[in-house]
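Okay, run13.cif is below, mmCIF, C-alpha atoms:
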data_protein
#
loop_
_atom_site.group_PDB
_atom_site.id
_atom_site.type_symbol
_atom_site.label_atom_id
_atom_site.label_comp_id
_atom_site.auth_asym_id
_atom_site.auth_seq_id
_atom_site.Cartn_x
_atom_site.Cartn_y
_atom_site.Cartn_z
ATOM 1 C CA GLN C 245 291.829 149.316 5.215
ATOM 2 C CA VAL C 246 289.954 148.139 8.294
ATOM 3 C CA VAL C 247 286.172 148.002 8.522
ATOM 4 C CA PRO C 248 284.776 147.474 12.021
ATOM 5 C CA ALA C 249 281.329 146.217 12.860
ATOM 6 C CA HIS C 250 280.279 147.410 16.306
ATOM 7 C CA SER C 251 277.847 145.737 18.658
ATOM 8 C CA HIS C 252 277.402 145.795 22.399
ATOM 9 C CA SER C 253 278.828 142.341 23.001
ATOM 10 C CA LEU C 254 282.424 141.256 23.168
ATOM 11 C CA PRO C 255 284.552 141.671 20.029
ATOM 12 C CA SER C 256 283.855 139.391 17.100
ATOM 13 C CA PHE C 257 286.275 137.503 14.980
ATOM 14 C CA GLY C 258 285.786 138.493 11.366
ATOM 15 C CA THR C 259 287.911 137.984 8.329
ATOM 16 C CA MET C 260 289.649 140.571 6.257
ATOM 17 C CA ALA C 261 292.549 141.085 3.976
ATOM 18 C CA VAL C 262 295.282 143.464 4.969
ATOM 19 C CA GLU C 263 293.992 145.849 2.293
ATOM 20 C CA GLU C 264 290.278 145.167 2.789
ATOM 21 C CA GLY C 265 288.651 144.751 6.133
ATOM 22 C CA ALA C 266 286.059 143.618 8.594
ATOM 23 C CA ALA C 267 286.205 144.000 12.318
ATOM 24 C CA ALA C 268 283.977 143.896 15.277
ATOM 25 C CA ASP C 269 283.307 145.852 18.411
ATOM 26 C CA GLY C 270 286.501 147.805 18.488
ATOM 27 C CA GLN C 271 288.585 145.010 17.116
ATOM 28 C CA GLU C 272 290.290 144.131 13.905
ATOM 29 C CA GLU C 273 290.918 140.745 12.531
ATOM 30 C CA VAL C 274 293.134 140.646 9.479
ATOM 31 C CA LYS C 275 293.440 137.832 6.978
ATOM 32 C CA GLY C 276 296.933 138.408 5.714
ATOM 33 C CA GLN C 277 298.431 137.160 2.492
ATOM 34 C CA GLU C 278 300.206 134.442 4.453
ATOM 35 C CA GLY C 279 296.888 133.135 5.856
ATOM 36 C CA CYS C 280 297.077 134.976 9.173
ATOM 37 C CA ASP C 281 293.914 135.782 11.091
ATOM 38 C CA ILE C 282 294.986 138.858 13.080
ATOM 39 C CA PHE C 283 293.181 140.196 16.140
ATOM 40 C CA TYR C 284 294.435 143.129 18.251
ATOM 41 C CA VAL C 285 294.663 142.836 22.045
ATOM 42 C CA SER C 286 296.027 144.921 24.914
ATOM 43 C CA ARG C 287 299.757 144.162 25.357
ATOM 44 C CA LYS C 288 299.652 145.045 29.063
ATOM 45 C CA THR C 289 296.630 142.838 29.754
ATOM 46 C CA LEU C 290 298.052 139.983 27.663
ATOM 47 C CA GLU C 291 301.226 140.057 29.796
ATOM 48 C CA SER C 292 299.110 140.148 32.975
ATOM 49 C CA VAL C 293 296.999 137.213 31.768
ATOM 50 C CA LYS C 294 300.136 135.212 30.901
ATOM 51 C CA GLU C 295 301.499 135.877 34.403
ATOM 52 C CA LYS C 296 298.201 134.771 35.990
ATOM 53 C CA LEU C 297 298.222 131.568 33.927
ATOM 54 C CA LYS C 298 301.849 130.897 34.888
ATOM 55 C CA ASN C 299 300.965 131.315 38.585
ATOM 56 C CA SER C 300 297.727 129.269 38.302
ATOM 57 C CA GLN C 301 295.611 132.300 39.230
ATOM 58 C CA ASP C 302 291.996 132.699 38.165
ATOM 59 C CA ILE C 303 291.224 134.418 34.871
ATOM 60 C CA THR C 304 287.924 136.320 34.864
ATOM 61 C CA LYS C 305 285.565 137.465 32.164
ATOM 62 C CA GLU C 306 286.673 140.999 33.107
ATOM 63 C CA ASP C 307 290.270 140.003 32.270
ATOM 64 C CA MET C 308 289.082 138.891 28.835
ATOM 65 C CA GLU C 309 287.193 142.159 28.299
ATOM 66 C CA ALA C 310 290.266 144.176 29.317
ATOM 67 C CA LEU C 311 292.314 142.113 26.872
ATOM 68 C CA THR C 312 289.995 142.620 23.907
ATOM 69 C CA PHE C 313 288.305 146.042 24.332
ATOM 70 C CA PRO C 314 290.387 149.072 23.302
ATOM 71 C CA GLU C 315 287.698 151.533 24.449
ATOM 72 C CA HIS C 316 288.743 151.252 28.090
ATOM 73 C CA LEU C 317 292.490 151.631 27.544
ATOM 74 C CA ALA C 318 294.637 154.722 28.070
ATOM 75 C CA ASP C 319 295.569 156.431 24.791
ATOM 76 C CA GLU C 320 299.222 155.440 25.048
ATOM 77 C CA GLU C 321 298.560 151.776 25.886
ATOM 78 C CA MET C 322 299.707 149.425 23.144
ATOM 79 C CA MET C 323 297.560 146.984 21.198
ATOM 80 C CA VAL C 324 299.434 144.024 19.730
ATOM 81 C CA PRO C 325 298.457 141.666 16.912
ATOM 82 C CA VAL C 326 297.869 137.965 17.576
ATOM 83 C CA ASP C 327 297.096 135.279 14.982
ATOM 84 C CA MET C 328 293.809 133.542 15.797
ATOM 85 C CA ASN C 329 294.753 130.616 13.532
ATOM 86 C CA GLY C 330 296.874 129.492 16.497
ATOM 87 C CA VAL C 331 293.741 128.907 18.572
ATOM 88 C CA GLY C 332 292.811 125.761 16.653
ATOM 89 C CA ASP C 333 289.016 126.143 16.630
ATOM 90 C CA ASP C 334 286.941 128.854 14.977
ATOM 91 C CA TYR C 335 284.866 131.190 17.127
ATOM 92 C CA ASP C 336 282.524 133.967 16.004
ATOM 93 C CA ASP C 337 283.617 136.283 18.799
ATOM 94 C CA VAL C 338 285.292 136.474 22.189
ATOM 95 C CA GLU C 339 281.970 135.921 23.964
ATOM 96 C CA GLN C 340 281.505 132.572 22.193
ATOM 97 C CA MET C 341 285.104 131.613 22.959
ATOM 98 C CA VAL C 342 284.681 132.448 26.665
ATOM 99 C CA SER C 343 281.360 130.576 26.882
ATOM 100 C CA LYS C 344 282.858 127.439 25.278
ATOM 101 C CA LEU C 345 286.334 127.499 26.837
ATOM 102 C CA GLY C 346 285.756 129.522 29.986
ATOM 103 C CA PRO C 347 287.865 132.597 30.769
ATOM 104 C CA LYS C 348 290.982 130.518 31.504
ATOM 105 C CA GLY C 349 290.666 128.507 28.276
ATOM 106 C CA ALA C 350 290.065 131.688 26.270
ATOM 107 C CA ALA C 351 293.120 133.314 27.889
ATOM 108 C CA GLU C 352 295.211 130.253 26.978
ATOM 109 C CA ALA C 353 293.865 130.513 23.415
ATOM 110 C CA PHE C 354 295.030 134.145 23.151
ATOM 111 C CA VAL C 355 298.484 133.157 24.424
ATOM 112 C CA LYS C 356 298.607 130.472 21.716
ATOM 113 C CA ALA C 357 297.468 133.088 19.179
ATOM 114 C CA GLU C 358 300.316 135.378 20.271
ATOM 115 C CA GLU C 359 302.843 132.559 19.872
ATOM 116 C CA HIS C 360 301.393 131.656 16.476
ATOM 117 C CA PHE C 361 301.678 135.271 15.321
ATOM 118 C CA ALA C 362 305.331 135.408 16.394
ATOM 119 C CA LYS C 363 306.026 132.359 14.185
ATOM 120 C CA SER C 364 303.938 133.474 11.198
ATOM 121 C CA ALA C 365 305.283 137.056 11.325
ATOM 122 C CA GLU C 366 308.747 135.724 10.557
ATOM 123 C CA THR C 367 307.555 134.683 7.092
ATOM 124 C CA MET C 368 305.842 138.008 6.298
ATOM 125 C CA PRO C 369 307.592 140.832 4.496
ATOM 126 C CA GLU C 370 308.419 143.551 7.050
ATOM 127 C CA ASP C 371 306.237 146.163 5.316
ATOM 128 C CA GLU C 372 303.182 143.836 5.328
ATOM 129 C CA ARG C 373 303.538 142.615 8.909
ATOM 130 C CA PRO C 374 300.824 143.905 11.293
ATOM 131 C CA LYS C 375 302.437 146.290 13.772
ATOM 132 C CA PRO C 376 301.529 147.193 17.347
ATOM 133 C CA LEU C 377 299.347 150.308 17.620
ATOM 134 C CA SER C 378 298.542 152.629 20.493
ATOM 135 C CA ALA C 379 294.987 152.398 21.757
ATOM 136 C CA LYS C 380 294.465 155.972 20.534
ATOM 137 C CA GLU C 381 295.658 155.087 17.001
ATOM 138 C CA TRP C 382 293.508 151.981 16.985
ATOM 139 C CA ARG C 383 290.379 153.820 18.132
ATOM 140 C CA ALA C 384 290.946 156.473 15.433
ATOM 141 C CA ILE C 385 291.126 153.754 12.768
ATOM 142 C CA LEU C 386 287.979 152.121 14.136
ATOM 143 C CA GLU C 387 286.049 155.406 14.214
ATOM 144 C CA GLU C 388 287.025 156.207 10.631
ATOM 145 C CA GLU C 389 286.121 152.738 9.428
ATOM 146 C CA ASP C 390 282.900 152.655 11.457
ATOM 147 C CA HIS C 391 281.797 155.772 9.589
ATOM 148 C CA MET C 392 282.638 154.117 6.270
ATOM 149 C CA GLU C 393 280.739 150.974 7.227
ATOM 150 C CA GLY C 394 277.634 153.020 8.076
ATOM 151 C CA GLU C 395 277.721 154.441 4.565
ATOM 152 C CA GLU C 396 278.068 150.926 3.101
ATOM 153 C CA GLU C 397 275.064 149.722 5.118
ATOM 154 C CA GLU C 398 272.982 152.657 3.872
ATOM 155 C CA LEU C 399 273.932 151.780 0.290
ATOM 156 C CA LEU C 400 273.029 148.133 0.861
ATOM 157 C CA GLU C 401 269.680 149.071 2.394
ATOM 158 C CA GLY C 402 268.932 151.236 -0.653
ATOM 159 C CA GLU C 403 269.754 148.319 -2.967
ATOM 160 C CA GLU C 404 267.476 146.000 -0.956
ATOM 161 C CA GLU C 405 264.608 148.482 -1.267
ATOM 162 C CA GLU C 406 265.176 148.692 -5.034
ATOM 163 C CA ASP C 407 265.168 144.880 -5.253
ATOM 164 C CA LEU C 408 261.874 144.730 -3.344
ATOM 165 C CA ASP C 409 260.334 147.378 -5.597
ATOM 166 C CA GLU C 410 261.390 145.362 -8.663
ATOM 167 C CA GLU C 411 259.925 142.142 -7.200
ATOM 168 C CA GLU C 412 256.610 143.873 -6.447
ATOM 169 C CA ALA C 413 256.478 145.284 -9.981
ATOM 170 C CA GLU C 414 257.128 141.825 -11.451
ATOM 171 C CA GLU C 415 254.363 140.312 -9.294
ATOM 172 C CA GLU C 416 251.920 142.993 -10.469
ATOM 173 C CA ASP C 417 252.896 142.326 -14.108
ATOM 174 C CA GLU C 418 252.239 138.602 -13.631
ATOM 175 C CA GLY C 419 248.806 139.368 -12.208
ATOM 176 C CA ASP C 420 247.980 141.562 -15.242
ATOM 177 C CA GLU C 421 248.841 138.744 -17.640
ATOM 178 C CA GLY C 422 246.006 136.624 -16.293
ATOM 179 C CA GLY C 423 248.023 134.066 -14.362
ATOM 180 C CA ASP C 424 246.661 130.907 -12.824
ATOM 181 C CA GLU C 425 244.658 132.704 -10.160
ATOM 182 C CA PRO C 426 241.836 135.160 -10.830
ATOM 183 C CA ALA C 427 242.578 138.705 -9.746
ATOM 184 C CA THR C 428 239.388 138.994 -7.617
ATOM 185 C CA LYS C 429 236.558 136.703 -6.563
ATOM 186 C CA LYS C 430 232.989 137.825 -6.124
ATOM 187 C CA ALA C 431 231.287 136.901 -2.901
ATOM 188 C CA LYS C 432 228.338 134.515 -3.302
ATOM 189 C CA LYS C 433 224.980 135.915 -2.370
ATOM 190 C CA GLY C 434 222.841 133.631 -0.566
#
Show the structure stored in the file as structure tokens.
Amino acid sequence: QVVPAHSHSLPSFGTMAVEEGAAADGQEEVKGQEGCDIFYVSRKTLESVKEKLKNSQDITKEDMEALTFPEHLADEEMMVPVDMNGVGDDYDDVEQMVSKLGPKGAAEAFVKAEEHFAKSAETMPEDERPKPLSAKEWRAILEEEDHMEGEEEELLEGEEEEDLDEEEAEEEDEGDEGGDEPATKKAKKG
């Protein structure tokens, strides 16, 4: 199950189990049983980025957005899993990675993540291995999970309100028991 968290910045790197999930801005990151940290990217853009790196061409922020945002892809375009453990460092999201490494460094990191996934996938049982998805399939999963996350947030907000109500009631009870401070002070007339 995949649970996305959407924002208006570049995709975030979250952690999740294959069965339980967290994702960000149209992206999934899966913590597999084998310790994988899976993130889905555009296969076509990944190949283009690899070609640009090979030919020493510039990589732009737009290239990184095309690589990581499924919203702008044609329905039939494929999204492929990469293992972010291959990157070496931890980043909260693509935006942080690009700001620290630059677009070229971030592109190189995604190529390393692809290579790392290829190695780690060999050790995973076939039925547990993350599979490529079409952009349409991926967006459908994200929409379904986004709806589920909204319900979770509403439940959490309700629990927070209950906790606050309980704290206020406890504070009022303490005041009734004649605590250290007097309940009211009379103004001096003078």
Query raised in the report: Just how far from atom CA of Ala350 of chain C is atom CA of Lys363 of chain C, in Å to one decimal?
Result: 20.0 Å
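Note that the spacing between atom CA of Gly349 of chain C and atom CA of Ser300 of chain C amounts to 12.3 Å.
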Requested in this report: Please write the residues picked by the PyMOL selection byres ((chain C and resi 377) around 6) on this file as number ranges by chain.
Outcome: C: 322-323, 376, 378
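In this model, the gap between atom CA of Pro325 of chain C and atom CA of Asp281 of chain C comes to 9.4 Å.
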Query raised in the report: Which of these residues is nearest to Lys380 of chain C, using all atoms listed in the file: C:Lys298, C:Val293, C:Pro314, C:Arg287?
Result: C:Pro314
